[in-house]
Amino acid sequence: MLRYFLSRLLSLCLSLVVASVAIFAVVEVIPGDPAAFMLGLNASPDTVAALRAELGLEGGKLARYFDWIGGLLVGDFGVSYTYRVPVSELVLARLWVSLPLTVYALILSTVIAVPVGVVAASRRGSTADYGVMAATQLGIAVPNFWFAMLLVLVFAINLGWFSAGGFPGWDKGVWINLRALTLPAVALALPQAAILARVMRSSLLETLGQDYIRTARAKGLSRRQAVLGHGLRNALIPVMTILGLQFSFLLAGAIIIENVFFLPGLGRLIFQGITQRDLIVVESVVMLLVFAVILVTFLVDLAYAAVDPRLRRR
Amino acid sequence: MRLPAQLWAGAALSGVFVAAALISLIWTPHPVEGMNIAARLKVPGDGFVLGTDHFGRDILSMLMVGAQTSIAVAVVAVGIGMAAGVPLGLLGAANRGGWIDEIVMRGNDLVFAFPSLVIAILITAVFGPSAVNAILAIGIFNIPVFARVTRGGALSLWTLDYILAARVAGKGRLRISVEHILPNVANLLIVQGTIQFSLGILAEAGLSYVGLGAQPPVPSWGRMLAESQTMISFAPHLALLPGMAIVLTVLGLNLMGDGLRDVLDPRLRRAR
């Protein structure tokens, strides 16, 4: 297990190094002079030179890269050029919107998908199964931001049950904020739930064809007992992998969904950074998102090995 | 052989949109760039089959030209993925365990761990929003997908007797890859190509929705949705129609992909 852990850890570190080099290259090297890029075409040379000095661009690219990484490691993300506050403060404030939204969506997606997949698999070929397969086929084809707009049209504009966007802030109480996050979370969760339900169904179908399920039935367990007691646990392993992947889809999807609902999360921060050419914000937030995704993948790998001992030997 | 119904349904559905895109190259019901304020925000039916937007532009015409944008972006992105990914996958499988194989596999792990949309947003943000940069951003993430599919398919082929026979006959690894492996993984590539095509359409819609795809005045489904958002309460057809176009195209492609898989890869039929 230690060997497996170390090899995964090495792969985690390697991924982070490559990711940081790629992001640094895209943001700071390819566009040429970052200071000139941030200030736009009409900036005077003096202003550009001043910003260059402020950003520490005078050093070589390699030195700048290590400065940036060294800062990230101790939580120093630099100072936002437009907001004039440390990026870490901005990120921390926005994280309290994006993270609950992602977790909310992940819970919704799992709570919907697992039972639906189980019902479809255990009644293979029934009307319910065909219904589930048709609905999930549709769910996969729906862009989440369009689904979000439909939810706003129906539940915010026509029925008035939810607000069409915005976020009151956690100091106003938990309930009101959960309500504000509900439509965004549903919009994020449903297309993902469609994928997860299909994975759940096919994984359970495969498990149900195994000999030990037949043995369990032969010993006198009811179909329900065999499915829930023996089938489901084994079928959940591939579902776990997909759940880990979904975290990254949800986090990325949240970027667009936050823009639909005007939620002050990391996604809005990235877009504000992009429109204001605030490279420092963009670079650090993207790196943070990538880090979160790579970390979750790592944790899923570990959980996977804990559940299935065969994997540790690979 | 009887073709599965979903293949027909999928091909018909996506065929409609490909046809619409092709027809729009030579003809649209109304010009898409002309504004006609007198005819703004008309509901479907009133002289315009699918109504007009806030500038009085014909929605049907815009959807037809938007199909061009979506399909062109997705096709070229799949092309990039195949052009770079397939050779990488073939090389990796031909030299299993070698450094090319190692790079292909590690590169794969890495890209799969990346939130691709975030990187696509980063790329289009830095290089400037345009359809071409959207293609590049989507295409880059197609490369490892095709490399992995090709490598996986090719690895199992390399163990077969007829490949051994070809090696005994004195053919080199490169020649075997091109002459014997490639034609036999083509089925897998067609199926994966259909799937990536539909994902490309979704990705393009997402990027142009946030303003990082095709720029005005080129119509695109994603931007039509973005523009409709503020008018959704009094002109919901502006939001419904482009969304339905996306859903139906993607649905058609997915059904086609599933159908093709059933036809081309009989081993999977049992498992489904």
# chains A, B, ... in the order shown; residues from 1 in each chain; ligands from 1
call {"tool": "interface_residues", "arguments": {"of": "chain A", "to": "chain B", "cutoff": "6 Å", "atoms": "only C-alpha atoms", "output": "list in words"}}
result
Ser15, Ala141, Val142, Ser248, Ala252 and Ile294 of chain A
call {"tool": "residues_around", "arguments": {"residues": "A:Leu250", "least_positions_apart": "5", "cutoff": "12 Å", "atoms": "only C-alpha atoms", "output": "PyMOL selection string"}}
result
(chain A and resi 98-109+144+184-193+242-245+255-258+267+289+292-293) or (chain B and resi 115-118)
call {"tool": "closest_residue", "arguments": {"among": "B:Gly152, B:Ala131, B:Leu164, B:Gly139", "to": "B:Ile176", "atoms": "only C-alpha atoms"}}
result
B:Leu164
call {"tool": "atom_distance", "arguments": {"atom1": "atom CA of B:Thr230", "atom2": "atom CA of B:Gly45"}}
result
22.5 Å
call {"tool": "residues_around", "arguments": {"residues": "B:Ile163", "least_positions_apart": "4", "cutoff": "12 Å", "atoms": "only C-alpha atoms", "output": "count of residues only"}}
result
22
call {"tool": "residues_around", "arguments": {"residues": "stretch 58-71 of chain A", "least_positions_apart": "5", "cutoff": "12 Å", "atoms": "only C-alpha atoms", "output": "PyMOL selection string"}}
result
chain A and resi 16-17+19-25+27-30+32-35+48-53+76-79+86-88+280+283-284+287-288
